[in-house]
Amino acid sequence: MEDTVVLYPSPGHLSSMLELGKLIVKHHPSVSVTCIMSNPSTEIVSANPSITFIPLPKLSLPTPITSFLDLVASFFEIPNLNNPNLYQTLLNVSKSSNIKALVIDFFCNPAFEFLSSRLDIPIYYFNSSGACGFSIFLYLPTLDKNISKSLKDLDIVVDVPGVPKVPSKDMPPVLCDRSHRVYQYFVDTGKNMFKSAGVIINTFELLEPNAVKALQERNCSLNEPTPPVYFVGPLAITGESKKEHECLTWLDSQPSSSVLYLCFGSMGVFSSIQLKEMAIGLEKSGVRFLWAVRAPKLDGPTQAGKTNTRSTEPCLESIFPEGFLDGTKDRGFIVKSWAPQLAILNHGSVGGFVTHCGWKSILEAVCAGVPMLGWPLYAEQKMNRVFLVEEMKAGLGVRADKDDFVSAGEFEERVVELMNAKKGEAVRERVMALKEAAVVAKSEGGSTFVAMDKLVDSFK
Ligand SMILES: O=c1ccn([C@@H]2O[C@H](COP(=O)(O)OP(=O)(O)O[C@H]3O[C@H](CO)[C@@H](O)[C@H](O)[C@H]3O)[C@@H](O)[C@H]2O)c(=O)[nH]1
């Protein structure tokens, strides 16, 4: 029977997990990789010929999703409903293959609880974020014990070995409200990670040196020894997008490292008031820019949108202040909705990136050597901004007021600071060093390469 490693991804983190699958095959060609997921698309199957896909039923929850916390809760609850199907599928796979390991996304934690007592297969967690974020995850059970109020009602700093101190207001909203069930899902996941065969993390050693050291010394958390950790990143940086796009032609005509790229991930949207304010700051800064603009979310006092998707086309004339488009037409380019981010970041004309601090965006910018300006919106992005500025030192952060509103003046100042040859020098040098370190980490003998070898060895 052939040996196989089974991946069990969560839809939002699929691409990174498939990259991990491809790396496992590369490091261990005698092992096959099987991916069990709901409805894999034909596009995904054909783009990943080295991975065998087995579909699970696409289930939906009986209760409606009415809030962002409900939505995140559903990422745990759907795998929970699918547990019997997953179990049956694994039994079927084991008739023809030796399952050496099951790697589950952290959102699939219910599978850990269901399968641990039923199957004798080592279960690993895949942590789509970095070492700092993972350390916070491991600390959750302790934090839960130490405080009795919700973080949203406290003004404290979360202090974890090896990790910059995170103010409670910057912690992910899903961890801030003990009365919502999603809080407990995360705490339980943190507890189970200690019992797992290991945790696979999408980062590399030199990017987050202090957090990595604390985790490697296994003193990160507290009463129990840290589980084995494998830093196998940066994953999913597969090179430039091949697609032609007029923004790339426009970039060809711009001076080297002169353009600021603005993009806020797959779901980031702003209120129309915030978009206007941003445009004013950008215009005053005088810098060249390439901006991926989404239709604004329904009006409210602040940004931090959560629901618009790439399919909603914005009407630029109604979004921007009068005169903005005309006044910046010689130095600005607007992409409506989805931008070819990898190709943009790797274009020589790009010299800065205003990002929502999604983990993949941070890794992509690091690998392209582009310094960042962190403007986080939701999920764990505010926490990532703290790590970006204080641990990685690869970017600056914009300062928002207590309603998460960023003024035109603040934005202008930070943009100028980032793009200015002198003021932005330190982060630019640091990010170039990180770019080289990422290449070294992935090459033979590098930290990521060695971690992959250790990981596949542990499967034996
Ligand atoms: O116009 C766009 C917008 C995004 N992207 C790509 O989409 C991905 C975005 O990923 P990421 O930066 O991680 O942001 P989100 O998609 O918003 O990611 C979610 O999941 C991440 C973990 O994987 C978290 O860190 C984020 O907070 C959470 O919002 C990247 O590969 C980008 O290159 C584009 O190509 N064009």
# chains A, B, ... in the order shown; residues from 1 in each chain; ligands from 1

call {"tool": "residues_around", "arguments": {"residues": "Ser458 (chain A)", "least_positions_apart": "4", "cutoff": "9 Å", "atoms": "only C-alpha atoms", "output": "ChimeraX atom specification"}}
result
/A:197,453-454

call {"tool": "write_last_selection", "arguments": {"atoms": "all heavy atoms", "output": "compact mmCIF listing (two decimals), in the first residue's frame"}}
result
# COMPACT_ATOMS: atom_id res chain seq x y z
N ALA A 197 0.08 16.24 16.97
CA ALA A 197 1.39 15.71 16.60
C ALA A 197 2.34 16.83 16.22
O ALA A 197 3.56 16.65 16.16
CB ALA A 197 1.23 14.74 15.43
N ASP A 453 12.00 18.95 5.75
CA ASP A 453 12.60 17.61 5.90
C ASP A 453 12.20 16.99 7.23
O ASP A 453 11.84 15.82 7.32
CB ASP A 453 14.12 17.68 5.79
CG ASP A 453 14.58 17.54 4.34
OD1 ASP A 453 13.72 17.25 3.48
OD2 ASP A 453 15.77 17.75 4.08
N LYS A 454 12.27 17.82 8.29
CA LYS A 454 11.92 17.31 9.63
C LYS A 454 10.46 16.90 9.66
O LYS A 454 10.08 15.89 10.25
CB LYS A 454 12.15 18.40 10.68
CG LYS A 454 13.59 18.53 11.09
CD LYS A 454 13.71 19.32 12.39
CE LYS A 454 15.17 19.48 12.76
NZ LYS A 454 15.50 20.81 13.23

call {"tool": "residues_around", "arguments": {"residues": "region 420-426 of chain A", "least_positions_apart": "3", "cutoff": "10 Å", "atoms": "only C-alpha atoms", "output": "ChimeraX atom specification"}}
result
/A:258,287,351-352,371,393-396,414-417,429-431

call {"tool": "residues_near_ligand", "arguments": {"ligand": "ligand 1", "cutoff": "7 Å", "atoms": "only C-alpha atoms and all ligand atoms", "output": "PDB file with N, CA, C and O atoms, in the first residue's frame"}}
result
ATOM      1  N   GLY A  12     -11.022  29.349   3.168  1.00  0.00           N
ATOM      2  CA  GLY A  12     -10.293  30.623   3.131  1.00  0.00           C
ATOM      3  C   GLY A  12      -8.780  30.457   3.099  1.00  0.00           C
ATOM      4  O   GLY A  12      -8.057  31.379   2.713  1.00  0.00           O
ATOM      5  N   HIS A  13      -8.277  29.310   3.520  1.00  0.00           N
ATOM      6  CA  HIS A  13      -6.824  29.105   3.577  1.00  0.00           C
ATOM      7  C   HIS A  13      -6.375  28.020   2.603  1.00  0.00           C
ATOM      8  O   HIS A  13      -5.298  27.446   2.761  1.00  0.00           O
ATOM      9  N   SER A 128      -2.389  29.064   9.281  1.00  0.00           N
ATOM     10  CA  SER A 128      -2.185  29.847   8.049  1.00  0.00           C
ATOM     11  C   SER A 128      -1.450  31.154   8.315  1.00  0.00           C
ATOM     12  O   SER A 128      -0.950  31.787   7.397  1.00  0.00           O
ATOM     13  N   SER A 129      -1.406  31.591   9.569  1.00  0.00           N
ATOM     14  CA  SER A 129      -0.739  32.841   9.925  1.00  0.00           C
ATOM     15  C   SER A 129       0.673  32.559  10.455  1.00  0.00           C
ATOM     16  O   SER A 129       1.118  31.411  10.424  1.00  0.00           O
ATOM     17  N   CYS A 263      -4.012  48.111  -1.570  1.00  0.00           N
ATOM     18  CA  CYS A 263      -4.954  47.004  -1.771  1.00  0.00           C
ATOM     19  C   CYS A 263      -5.261  46.370  -0.414  1.00  0.00           C
ATOM     20  O   CYS A 263      -4.365  46.228   0.425  1.00  0.00           O
ATOM     21  N   PHE A 264      -6.513  45.983  -0.222  1.00  0.00           N
ATOM     22  CA  PHE A 264      -6.953  45.569   1.114  1.00  0.00           C
ATOM     23  C   PHE A 264      -7.540  44.156   1.128  1.00  0.00           C
ATOM     24  O   PHE A 264      -8.557  43.891   1.773  1.00  0.00           O
ATOM     25  N   GLY A 265      -6.887  43.253   0.389  1.00  0.00           N
ATOM     26  CA  GLY A 265      -7.218  41.840   0.486  1.00  0.00           C
ATOM     27  C   GLY A 265      -8.494  41.458  -0.225  1.00  0.00           C
ATOM     28  O   GLY A 265      -9.036  42.211  -1.039  1.00  0.00           O
ATOM     29  N   SER A 266      -8.984  40.261   0.102  1.00  0.00           N
ATOM     30  CA  SER A 266     -10.111  39.738  -0.658  1.00  0.00           C
ATOM     31  C   SER A 266     -11.443  40.327  -0.220  1.00  0.00           C
ATOM     32  O   SER A 266     -12.409  40.262  -0.962  1.00  0.00           O
ATOM     33  N   MET A 267     -11.516  40.902   0.976  1.00  0.00           N
ATOM     34  CA  MET A 267     -12.822  41.385   1.431  1.00  0.00           C
ATOM     35  C   MET A 267     -12.813  42.797   2.017  1.00  0.00           C
ATOM     36  O   MET A 267     -13.835  43.256   2.519  1.00  0.00           O
ATOM     37  N   GLY A 268     -11.660  43.476   1.976  1.00  0.00           N
ATOM     38  CA  GLY A 268     -11.579  44.775   2.641  1.00  0.00           C
ATOM     39  C   GLY A 268     -12.342  45.874   1.909  1.00  0.00           C
ATOM     40  O   GLY A 268     -12.115  46.097   0.720  1.00  0.00           O
ATOM     41  N   ALA A 292      -6.230  49.614  -5.794  1.00  0.00           N
ATOM     42  CA  ALA A 292      -7.323  48.665  -6.061  1.00  0.00           C
ATOM     43  C   ALA A 292      -8.520  49.113  -5.226  1.00  0.00           C
ATOM     44  O   ALA A 292      -8.519  48.975  -4.007  1.00  0.00           O
ATOM     45  N   SER A 337     -11.799  46.950  -8.195  1.00  0.00           N
ATOM     46  CA  SER A 337     -11.893  45.638  -7.534  1.00  0.00           C
ATOM     47  C   SER A 337     -10.592  44.862  -7.530  1.00  0.00           C
ATOM     48  O   SER A 337      -9.655  45.261  -6.874  1.00  0.00           O
ATOM     49  N   TRP A 338     -10.502  43.777  -8.303  1.00  0.00           N
ATOM     50  CA  TRP A 338      -9.420  42.804  -8.156  1.00  0.00           C
ATOM     51  C   TRP A 338      -8.164  43.203  -8.925  1.00  0.00           C
ATOM     52  O   TRP A 338      -8.226  43.459 -10.123  1.00  0.00           O
ATOM     53  N   ALA A 339      -7.037  43.252  -8.259  1.00  0.00           N
ATOM     54  CA  ALA A 339      -5.770  43.622  -8.905  1.00  0.00           C
ATOM     55  C   ALA A 339      -4.847  42.403  -8.973  1.00  0.00           C
ATOM     56  O   ALA A 339      -4.911  41.555  -8.093  1.00  0.00           O
ATOM     57  N   PRO A 340      -3.995  42.312  -9.998  1.00  0.00           N
ATOM     58  CA  PRO A 340      -3.037  41.191 -10.065  1.00  0.00           C
ATOM     59  C   PRO A 340      -1.886  41.443  -9.082  1.00  0.00           C
ATOM     60  O   PRO A 340      -0.798  41.868  -9.470  1.00  0.00           O
ATOM     61  N   GLN A 341      -2.151  41.175  -7.805  1.00  0.00           N
ATOM     62  CA  GLN A 341      -1.258  41.647  -6.731  1.00  0.00           C
ATOM     63  C   GLN A 341       0.174  41.135  -6.831  1.00  0.00           C
ATOM     64  O   GLN A 341       1.125  41.894  -6.644  1.00  0.00           O
ATOM     65  N   LEU A 342       0.326  39.838  -7.094  1.00  0.00           N
ATOM     66  CA  LEU A 342       1.697  39.299  -7.123  1.00  0.00           C
ATOM     67  C   LEU A 342       2.531  40.000  -8.190  1.00  0.00           C
ATOM     68  O   LEU A 342       3.678  40.379  -7.947  1.00  0.00           O
ATOM     69  N   CYS A 357      -2.939  44.102   6.060  1.00  0.00           N
ATOM     70  CA  CYS A 357      -2.178  43.209   6.937  1.00  0.00           C
ATOM     71  C   CYS A 357      -2.721  41.785   6.965  1.00  0.00           C
ATOM     72  O   CYS A 357      -2.586  41.076   7.971  1.00  0.00           O
ATOM     73  N   GLY A 358      -3.370  41.355   5.874  1.00  0.00           N
ATOM     74  CA  GLY A 358      -3.672  39.928   5.711  1.00  0.00           C
ATOM     75  C   GLY A 358      -2.343  39.190   5.631  1.00  0.00           C
ATOM     76  O   GLY A 358      -1.362  39.727   5.087  1.00  0.00           O
ATOM     77  N   TRP A 359      -2.290  37.989   6.164  1.00  0.00           N
ATOM     78  CA  TRP A 359      -1.009  37.319   6.277  1.00  0.00           C
ATOM     79  C   TRP A 359      -0.354  37.060   4.921  1.00  0.00           C
ATOM     80  O   TRP A 359       0.853  37.228   4.740  1.00  0.00           O
ATOM     81  N   LYS A 360      -1.175  36.652   3.934  1.00  0.00           N
ATOM     82  CA  LYS A 360      -0.579  36.365   2.622  1.00  0.00           C
ATOM     83  C   LYS A 360      -0.038  37.642   1.985  1.00  0.00           C
ATOM     84  O   LYS A 360       1.025  37.625   1.364  1.00  0.00           O
ATOM     85  N   SER A 361      -0.759  38.729   2.150  1.00  0.00           N
ATOM     86  CA  SER A 361      -0.274  39.993   1.578  1.00  0.00           C
ATOM     87  C   SER A 361       1.067  40.380   2.196  1.00  0.00           C
ATOM     88  O   SER A 361       1.985  40.839   1.501  1.00  0.00           O
ATOM     89  N   ILE A 362       1.192  40.194   3.512  1.00  0.00           N
ATOM     90  CA  ILE A 362       2.464  40.520   4.171  1.00  0.00           C
ATOM     91  C   ILE A 362       3.588  39.650   3.590  1.00  0.00           C
ATOM     92  O   ILE A 362       4.657  40.144   3.216  1.00  0.00           O
ATOM     93  N   GLU A 364       3.710  38.141   0.717  1.00  0.00           N
ATOM     94  CA  GLU A 364       3.964  38.477  -0.693  1.00  0.00           C
ATOM     95  C   GLU A 364       4.815  39.742  -0.796  1.00  0.00           C
ATOM     96  O   GLU A 364       5.729  39.824  -1.626  1.00  0.00           O
ATOM     97  N   TYR A 378     -10.052  44.094   9.732  1.00  0.00           N
ATOM     98  CA  TYR A 378     -10.849  43.161  10.549  1.00  0.00           C
ATOM     99  C   TYR A 378     -10.029  41.887  10.817  1.00  0.00           C
ATOM    100  O   TYR A 378      -8.809  41.887  10.614  1.00  0.00           O
ATOM    101  N   ALA A 379     -10.704  40.841  11.279  1.00  0.00           N
ATOM    102  CA  ALA A 379     -10.048  39.563  11.623  1.00  0.00           C
ATOM    103  C   ALA A 379      -8.818  39.821  12.520  1.00  0.00           C
ATOM    104  O   ALA A 379      -8.871  40.655  13.418  1.00  0.00           O
ATOM    105  N   GLU A 380      -7.682  39.133  12.229  1.00  0.00           N
ATOM    106  CA  GLU A 380      -6.501  39.286  13.101  1.00  0.00           C
ATOM    107  C   GLU A 380      -5.554  40.368  12.576  1.00  0.00           C
ATOM    108  O   GLU A 380      -4.389  40.452  12.929  1.00  0.00           O
ATOM    109  N   GLN A 381      -6.096  41.259  11.705  1.00  0.00           N
ATOM    110  CA  GLN A 381      -5.214  42.189  10.992  1.00  0.00           C
ATOM    111  C   GLN A 381      -4.577  43.256  11.891  1.00  0.00           C
ATOM    112  O   GLN A 381      -3.430  43.647  11.664  1.00  0.00           O
TER     113      GLN A 381
END

call {"tool": "residues_around", "arguments": {"residues": "Leu248 (chain A)", "least_positions_apart": "5", "cutoff": "10 Å", "atoms": "only C-alpha atoms", "output": "list in words"}}
result
Lys243, Ser253, Leu290, Ala339, Pro340, Ala343, Ile344, His347 and Ser349 of chain A

call {"tool": "select_by_dssp", "arguments": {"residues": "region 192-362 of chain A", "states": "strand (DSSP E)", "output": "list in words"}}
result
Gly198, Val199, Ile200, Ile201, Val229, Tyr230, Phe231, Val259, Leu260, Tyr261, Leu262, Cys263, Arg288, Phe289, Leu290, Trp291, Ala292, Val293, Gly332, Phe333, Ile334, Val335, Lys336, Val350, Gly351, Gly352, Phe353, Val354 and Thr355 of chain A

call {"tool": "atom_distance", "arguments": {"atom1": "CA of Ile280 (chain A)", "atom2": "CA of Pro321 (chain A)"}}
result
7.5 Å

call {"tool": "residues_around", "arguments": {"residues": "Val166 (chain A)", "least_positions_apart": "2", "cutoff": "8 Å", "atoms": "only C-alpha atoms", "output": "PDB file with C-alpha atoms, in the first residue's frame"}}
result
ATOM      1  CA  VAL A 157      -1.906  44.285  26.950  1.00  0.00           C
ATOM      2  CA  VAL A 158      -1.617  40.636  26.008  1.00  0.00           C
ATOM      3  CA  ASP A 159       1.942  39.678  26.849  1.00  0.00           C
ATOM      4  CA  PRO A 164       5.381  42.087  20.951  1.00  0.00           C
ATOM      5  CA  SER A 168      -6.474  44.294  23.962  1.00  0.00           C
ATOM      6  CA  ASP A 170      -5.888  45.166  18.721  1.00  0.00           C
ATOM      7  CA  MET A 171      -6.799  41.549  19.477  1.00  0.00           C
ATOM      8  CA  MET A 383      -2.619  42.181  15.648  1.00  0.00           C
ATOM      9  CA  VAL A 386       1.704  45.110  15.604  1.00  0.00           C
TER      10      VAL A 386
END

call {"tool": "residues_around", "arguments": {"residues": "Asp105 (chain A)", "least_positions_apart": "4", "cutoff": "10 Å", "atoms": "only C-alpha atoms", "output": "CSV table (one decimal) with C-alpha atoms, in the first residue's frame"}}
result
chain,number,residue,atom,x,y,z
A,7,LEU,CA,-4.9,17.5,4.0
A,8,TYR,CA,-8.2,18.8,5.4
A,9,PRO,CA,-8.3,22.5,4.5
A,10,SER,CA,-10.7,25.4,5.3
A,11,PRO,CA,-11.9,27.3,2.2
A,12,GLY,CA,-10.3,30.6,3.1
A,13,HIS,CA,-6.8,29.1,3.6
A,14,LEU,CA,-7.0,26.6,0.7
A,17,MET,CA,-2.5,24.4,2.2
A,109,ASN,CA,-10.6,21.7,15.0
A,111,ALA,CA,-12.3,17.0,13.3
A,124,TYR,CA,-1.1,18.0,12.7
A,125,TYR,CA,-2.6,21.5,12.7
A,126,PHE,CA,-2.0,24.0,9.8
A,127,ASN,CA,-1.7,27.5,11.1
A,128,SER,CA,-2.2,29.8,8.0
A,199,VAL,CA,1.8,22.5,14.1
A,200,ILE,CA,2.8,23.7,10.7

call {"tool": "atom_distance", "arguments": {"atom1": "CA of Phe75 (chain A)", "atom2": "CA of Gly190 (chain A)"}}
result
15.7 Å

call {"tool": "residues_around", "arguments": {"residues": "Val182 (chain A)", "least_positions_apart": "3", "cutoff": "9 Å", "atoms": "only C-alpha atoms", "output": "count of residues only"}}
result
14

call {"tool": "atom_distance", "arguments": {"atom1": "CA of His28 (chain A)", "atom2": "CA of Ser96 (chain A)"}}
result
19.0 Å

call {"tool": "residues_around", "arguments": {"residues": "Arg118 (chain A)", "least_positions_apart": "3", "cutoff": "12 Å", "atoms": "only C-alpha atoms", "output": "list in words"}}
result
Asn83, Pro84, Leu86, Tyr87, Gln88, Leu90, Leu91, Ala111, Phe112, Glu113, Phe114, Leu115, Ile121 and Pro122 of chain A

call {"tool": "write_last_selection", "arguments": {"atoms": "N, CA and C atoms", "output": "JSON list (two decimals), in the first residue's frame"}}
result
[["chain", "number", "residue", "atom", "x", "y", "z"],
["A", 83, "ASN", "N", -18.10, 15.87, 10.18],
["A", 83, "ASN", "CA", -17.24, 14.87, 10.84],
["A", 83, "ASN", "C", -17.56, 13.43, 10.44],
["A", 84, "PRO", "N", -18.83, 13.00, 10.45],
["A", 84, "PRO", "CA", -19.10, 11.60, 10.08],
["A", 84, "PRO", "C", -18.66, 11.30, 8.64],
["A", 86, "LEU", "N", -16.24, 12.86, 6.97],
["A", 86, "LEU", "CA", -14.78, 12.84, 6.95],
["A", 86, "LEU", "C", -14.27, 11.49, 7.47],
["A", 87, "TYR", "N", -14.85, 11.05, 8.56],
["A", 87, "TYR", "CA", -14.45, 9.78, 9.19],
["A", 87, "TYR", "C", -14.61, 8.63, 8.18],
["A", 88, "GLN", "N", -15.77, 8.58, 7.54],
["A", 88, "GLN", "CA", -16.04, 7.51, 6.57],
["A", 88, "GLN", "C", -15.04, 7.59, 5.41],
["A", 90, "LEU", "N", -12.02, 8.82, 5.44],
["A", 90, "LEU", "CA", -10.69, 8.37, 5.90],
["A", 90, "LEU", "C", -10.64, 6.84, 5.99],
["A", 91, "LEU", "N", -11.74, 6.23, 6.44],
["A", 91, "LEU", "CA", -11.78, 4.76, 6.50],
["A", 91, "LEU", "C", -11.62, 4.18, 5.10],
["A", 111, "ALA", "N", -12.74, 18.30, 13.83],
["A", 111, "ALA", "CA", -12.28, 17.00, 13.31],
["A", 111, "ALA", "C", -11.26, 16.39, 14.27],
["A", 112, "PHE", "N", -10.42, 17.24, 14.89],
["A", 112, "PHE", "CA", -9.43, 16.73, 15.85],
["A", 112, "PHE", "C", -10.16, 16.02, 16.99],
["A", 113, "GLU", "N", -11.18, 16.71, 17.51],
["A", 113, "GLU", "CA", -11.91, 16.15, 18.66],
["A", 113, "GLU", "C", -12.62, 14.86, 18.29],
["A", 114, "PHE", "N", -13.19, 14.81, 17.10],
["A", 114, "PHE", "CA", -13.98, 13.65, 16.67],
["A", 114, "PHE", "C", -13.07, 12.46, 16.35],
["A", 115, "LEU", "N", -11.95, 12.74, 15.67],
["A", 115, "LEU", "CA", -11.14, 11.63, 15.13],
["A", 115, "LEU", "C", -10.14, 11.08, 16.14],
["A", 121, "ILE", "N", -4.32, 7.96, 13.85],
["A", 121, "ILE", "CA", -3.54, 8.70, 12.82],
["A", 121, "ILE", "C", -2.99, 9.96, 13.49],
["A", 122, "PRO", "N", -1.69, 10.26, 13.33],
["A", 122, "PRO", "CA", -1.18, 11.52, 13.90],
["A", 122, "PRO", "C", -1.85, 12.72, 13.23]]

call {"tool": "closest_residue", "arguments": {"among": "A:His356, A:Pro55, A:Ile156, A:Glu217", "to": "Met37 (chain A)", "atoms": "only C-alpha atoms"}}
result
A:Pro55

call {"tool": "closest_residue", "arguments": {"among": "A:Asn384, A:Thr249, A:Ser318, A:Ser257", "to": "Gly369 (chain A)", "atoms": "only C-alpha atoms"}}
result
A:Ser257

call {"tool": "decode", "arguments": {"residues": "region 188-196 of chain A", "atoms": "all heavy atoms", "output": "JSON list (two decimals), in the first residue's frame"}}
result
[["chain", "number", "residue", "atom", "x", "y", "z"],
["A", 188, "ASP", "N", -10.72, 26.32, 22.64],
["A", 188, "ASP", "CA", -10.63, 24.85, 22.53],
["A", 188, "ASP", "C", -9.58, 24.44, 21.50],
["A", 188, "ASP", "O", -8.85, 23.46, 21.70],
["A", 188, "ASP", "CB", -11.99, 24.26, 22.13],
["A", 188, "ASP", "CG", -13.01, 24.40, 23.25],
["A", 188, "ASP", "OD1", -12.61, 24.68, 24.39],
["A", 188, "ASP", "OD2", -14.23, 24.25, 22.96],
["A", 189, "THR", "N", -9.51, 25.19, 20.41],
["A", 189, "THR", "CA", -8.51, 24.87, 19.39],
["A", 189, "THR", "C", -7.11, 25.05, 19.97],
["A", 189, "THR", "O", -6.22, 24.20, 19.77],
["A", 189, "THR", "CB", -8.70, 25.77, 18.15],
["A", 189, "THR", "OG1", -10.06, 25.66, 17.72],
["A", 189, "THR", "CG2", -7.78, 25.36, 17.01],
["A", 190, "GLY", "N", -6.92, 26.15, 20.70],
["A", 190, "GLY", "CA", -5.63, 26.38, 21.36],
["A", 190, "GLY", "C", -5.28, 25.20, 22.27],
["A", 190, "GLY", "O", -4.13, 24.72, 22.27],
["A", 191, "LYS", "N", -6.25, 24.71, 23.02],
["A", 191, "LYS", "CA", -5.98, 23.57, 23.93],
["A", 191, "LYS", "C", -5.60, 22.32, 23.13],
["A", 191, "LYS", "O", -4.65, 21.60, 23.48],
["A", 191, "LYS", "CB", -7.24, 23.25, 24.74],
["A", 191, "LYS", "CG", -7.50, 24.19, 25.89],
["A", 191, "LYS", "CD", -8.73, 23.73, 26.67],
["A", 191, "LYS", "CE", -9.13, 24.81, 27.66],
["A", 191, "LYS", "NZ", -10.52, 24.74, 28.08],
["A", 192, "ASN", "N", -6.33, 22.05, 22.06],
["A", 192, "ASN", "CA", -6.08, 20.83, 21.29],
["A", 192, "ASN", "C", -4.73, 20.85, 20.57],
["A", 192, "ASN", "O", -4.12, 19.81, 20.35],
["A", 192, "ASN", "CB", -7.20, 20.59, 20.28],
["A", 192, "ASN", "CG", -8.46, 20.11, 20.96],
["A", 192, "ASN", "OD1", -8.40, 19.52, 22.04],
["A", 192, "ASN", "ND2", -9.61, 20.37, 20.34],
["A", 193, "MET", "N", -4.29, 22.06, 20.20],
["A", 193, "MET", "CA", -3.00, 22.14, 19.50],
["A", 193, "MET", "C", -1.88, 21.53, 20.36],
["A", 193, "MET", "O", -0.95, 20.93, 19.84],
["A", 193, "MET", "CB", -2.67, 23.59, 19.16],
["A", 193, "MET", "CG", -3.43, 24.08, 17.93],
["A", 193, "MET", "SD", -3.14, 25.82, 17.66],
["A", 193, "MET", "CE", -3.72, 26.00, 15.97],
["A", 194, "PHE", "N", -2.00, 21.70, 21.71],
["A", 194, "PHE", "CA", -0.98, 21.12, 22.60],
["A", 194, "PHE", "C", -0.96, 19.60, 22.50],
["A", 194, "PHE", "O", 0.06, 18.97, 22.74],
["A", 194, "PHE", "CB", -1.28, 21.51, 24.06],
["A", 194, "PHE", "CG", -0.85, 22.90, 24.39],
["A", 194, "PHE", "CD1", -1.77, 23.94, 24.42],
["A", 194, "PHE", "CD2", 0.47, 23.18, 24.68],
["A", 194, "PHE", "CE1", -1.37, 25.23, 24.73],
["A", 194, "PHE", "CE2", 0.88, 24.47, 24.99],
["A", 194, "PHE", "CZ", -0.05, 25.49, 25.02],
["A", 195, "LYS", "N", -2.11, 19.00, 22.17],
["A", 195, "LYS", "CA", -2.18, 17.52, 22.12],
["A", 195, "LYS", "C", -1.87, 16.98, 20.74],
["A", 195, "LYS", "O", -1.88, 15.77, 20.52],
["A", 195, "LYS", "CB", -3.61, 17.08, 22.50],
["A", 195, "LYS", "CG", -4.05, 17.54, 23.88],
["A", 195, "LYS", "CD", -5.47, 17.02, 24.12],
["A", 195, "LYS", "CE", -6.30, 18.02, 24.89],
["A", 195, "LYS", "NZ", -7.72, 17.90, 24.67],
["A", 196, "SER", "N", -1.66, 17.88, 19.77],
["A", 196, "SER", "CA", -1.50, 17.41, 18.38],
["A", 196, "SER", "C", -0.10, 16.86, 18.14],
["A", 196, "SER", "O", 0.81, 17.03, 18.96],
["A", 196, "SER", "CB", -1.75, 18.59, 17.43],
["A", 196, "SER", "OG", -0.71, 19.52, 17.53]]
